[in-house]
Amino acid sequence: MAKEISENIEQYLEVLYKFGSKDSHVSTTTLSRELGIAPGSVTQMLKKLEDIGYIDYVPYKGASLTDEGSKIAQKITRKHRILERFLKDVLKIKDENLHAQACEMEHSLSDEAERAICHMLEHPDTCPDNHLIPACDFDFANCDDCINNQSDIEDIGIREFNLLSISQLGSGEEGEVLFIRGGDSSLSDAMDAGIAIGSKIRISDSVDSNYNVFIDDSQIEVSRDLANNIFVKTF
């Protein structure tokens, strides 16, 4: 049975996910500003989150997510951003109200409802602010497999690790492609680029909106749109 995570903890982890990376810490000042909480209270919560195992905390430097914390943060961030897309595209909510509305809804949105929204919106890759929508944690290789699976959500396998899109990787990072978001067109674009499920890739660099990627000994150029939809497990 999944561990119950409080809304307060989810908010902290979400901010850490937004502003941090595996190589950087988010300062207590940033957390205090984003959450509207006094720095002293932020420090107390960070110590608690470290004890739980969700973050690594360094006094006077800040906090970064552990693998466990990152998995929770990625899930709540996905719900927030897909809700913003739903609120804008379907309900026509004004742009200035999207963030607050999504914040109110994200913590109570079930996995089943999230999946249904994703299907209805045809698996979007970015929120209205053009931030990447993380991959879901259902153990599918592509979105068509998810759409065609009629099992109850409790019976669908869940990945025990995070996936990162090519667009989230830095120079020199490596990984194995395990999920390609989208339907036939995304799969076709990936195949045309020489990328398939199981491909081992290494990021060379990025230029403008494109990414130079090595597959075996071959270097190819991947557009940002495609990079947003190809997800890997990093080595």
# chains A, B, ... in the order shown; residues from 1 in each chain; ligands from 1
>>> residues_around(residues="Ile195 of chain A", least_positions_apart="4", cutoff="12 Å", atoms="only C-alpha atoms", output="count of residues only")
31
>>> select_by_dssp(residues="segment 2-140 of chain A", states="strand (DSSP E or B)", output="list of chain:residue names")
A:Ser21, A:Ser24, A:Val26, A:Ile55, A:Asp56, A:Tyr57, A:Val58, A:Gly62, A:Ala63, A:Ser64, A:Leu65, A:Thr126, A:Leu132, A:Phe138
>>> select_by_dssp(residues="segment 45-196 of chain A", states="alpha helix (DSSP H)", output="ChimeraX atom specification")
/A:45-52,67-89,95-106,111-120,143-148,184-192
>>> atom_distance(atom1="atom CA of Cys143 of chain A", atom2="atom CA of Cys118 of chain A")
9.5 Å
>>> residues_around(residues="Glu122 of chain A", least_positions_apart="4", cutoff="12 Å", atoms="only C-alpha atoms", output="PyMOL selection string")
chain A and resi 82+85-86+89+115-118+126+143-144+146-147+181-184+186
>>> atom_distance(atom1="atom CA of Lys48 of chain A", atom2="atom CA of Glu160 of chain A")
23.5 Å
>>> atom_distance(atom1="atom CA of Thr43 of chain A", atom2="atom CA of His107 of chain A")
23.1 Å
>>> closest_residue(among="A:Thr66, A:Ser24, A:Ser6, A:Gln74", to="Leu163 of chain A", atoms="only C-alpha atoms")
A:Gln74
>>> residues_around(residues="Asn228 of chain A", least_positions_apart="6", cutoff="9 Å", atoms="only C-alpha atoms", output="compact mmCIF listing (two decimals) with N, CA, C and O atoms, in the first residue's frame")
# COMPACT_ATOMS: atom_id res chain seq x y z
N ASP A 125 2.94 17.22 -23.73
CA ASP A 125 4.31 17.18 -23.24
C ASP A 125 4.72 18.41 -22.44
O ASP A 125 5.72 18.36 -21.71
N THR A 126 3.98 19.51 -22.57
CA THR A 126 4.31 20.71 -21.80
C THR A 126 3.05 21.33 -21.22
O THR A 126 1.94 21.15 -21.74
N LEU A 132 8.18 21.24 -19.04
CA LEU A 132 7.99 19.83 -19.36
C LEU A 132 7.04 19.15 -18.39
O LEU A 132 7.15 19.33 -17.17
N ILE A 133 6.10 18.38 -18.91
CA ILE A 133 5.27 17.50 -18.08
C ILE A 133 6.03 16.19 -17.94
O ILE A 133 6.31 15.52 -18.93
N PRO A 134 6.41 15.80 -16.72
CA PRO A 134 7.16 14.55 -16.55
C PRO A 134 6.36 13.34 -17.04
O PRO A 134 5.14 13.39 -17.16
N SER A 165 13.53 12.91 -19.43
CA SER A 165 13.53 13.11 -20.87
C SER A 165 14.93 13.50 -21.35
O SER A 165 15.76 13.98 -20.55
N ILE A 166 15.18 13.31 -22.63
CA ILE A 166 16.46 13.74 -23.20
C ILE A 166 16.69 15.22 -22.91
O ILE A 166 17.82 15.64 -22.63
N SER A 167 15.61 16.01 -22.94
CA SER A 167 15.75 17.46 -22.72
C SER A 167 16.13 17.81 -21.28
O SER A 167 16.51 18.95 -21.01
N GLN A 168 16.03 16.86 -20.36
CA GLN A 168 16.42 17.11 -18.96
C GLN A 168 17.86 16.68 -18.67
O GLN A 168 18.36 16.94 -17.59
N ARG A 181 6.87 8.94 -25.37
CA ARG A 181 5.52 9.50 -25.18
C ARG A 181 4.91 9.84 -26.54
O ARG A 181 5.58 10.33 -27.44
>>> residues_around(residues="Ala38 of chain A", least_positions_apart="6", cutoff="10 Å", atoms="only C-alpha atoms", output="list in words")
Thr28, Thr29, Leu31 and Ser32 of chain A
>>> residues_around(residues="Glu112 of chain A", least_positions_apart="3", cutoff="12 Å", atoms="only C-alpha atoms", output="list in words")
Lys79, Ser108, Leu109, Arg115, Ala116, Ile117, Cys118, His119, Cys136, Phe138, Gln150, Ser151, Asp152, Ile153, Glu154, Asp155 and Ile156 of chain A
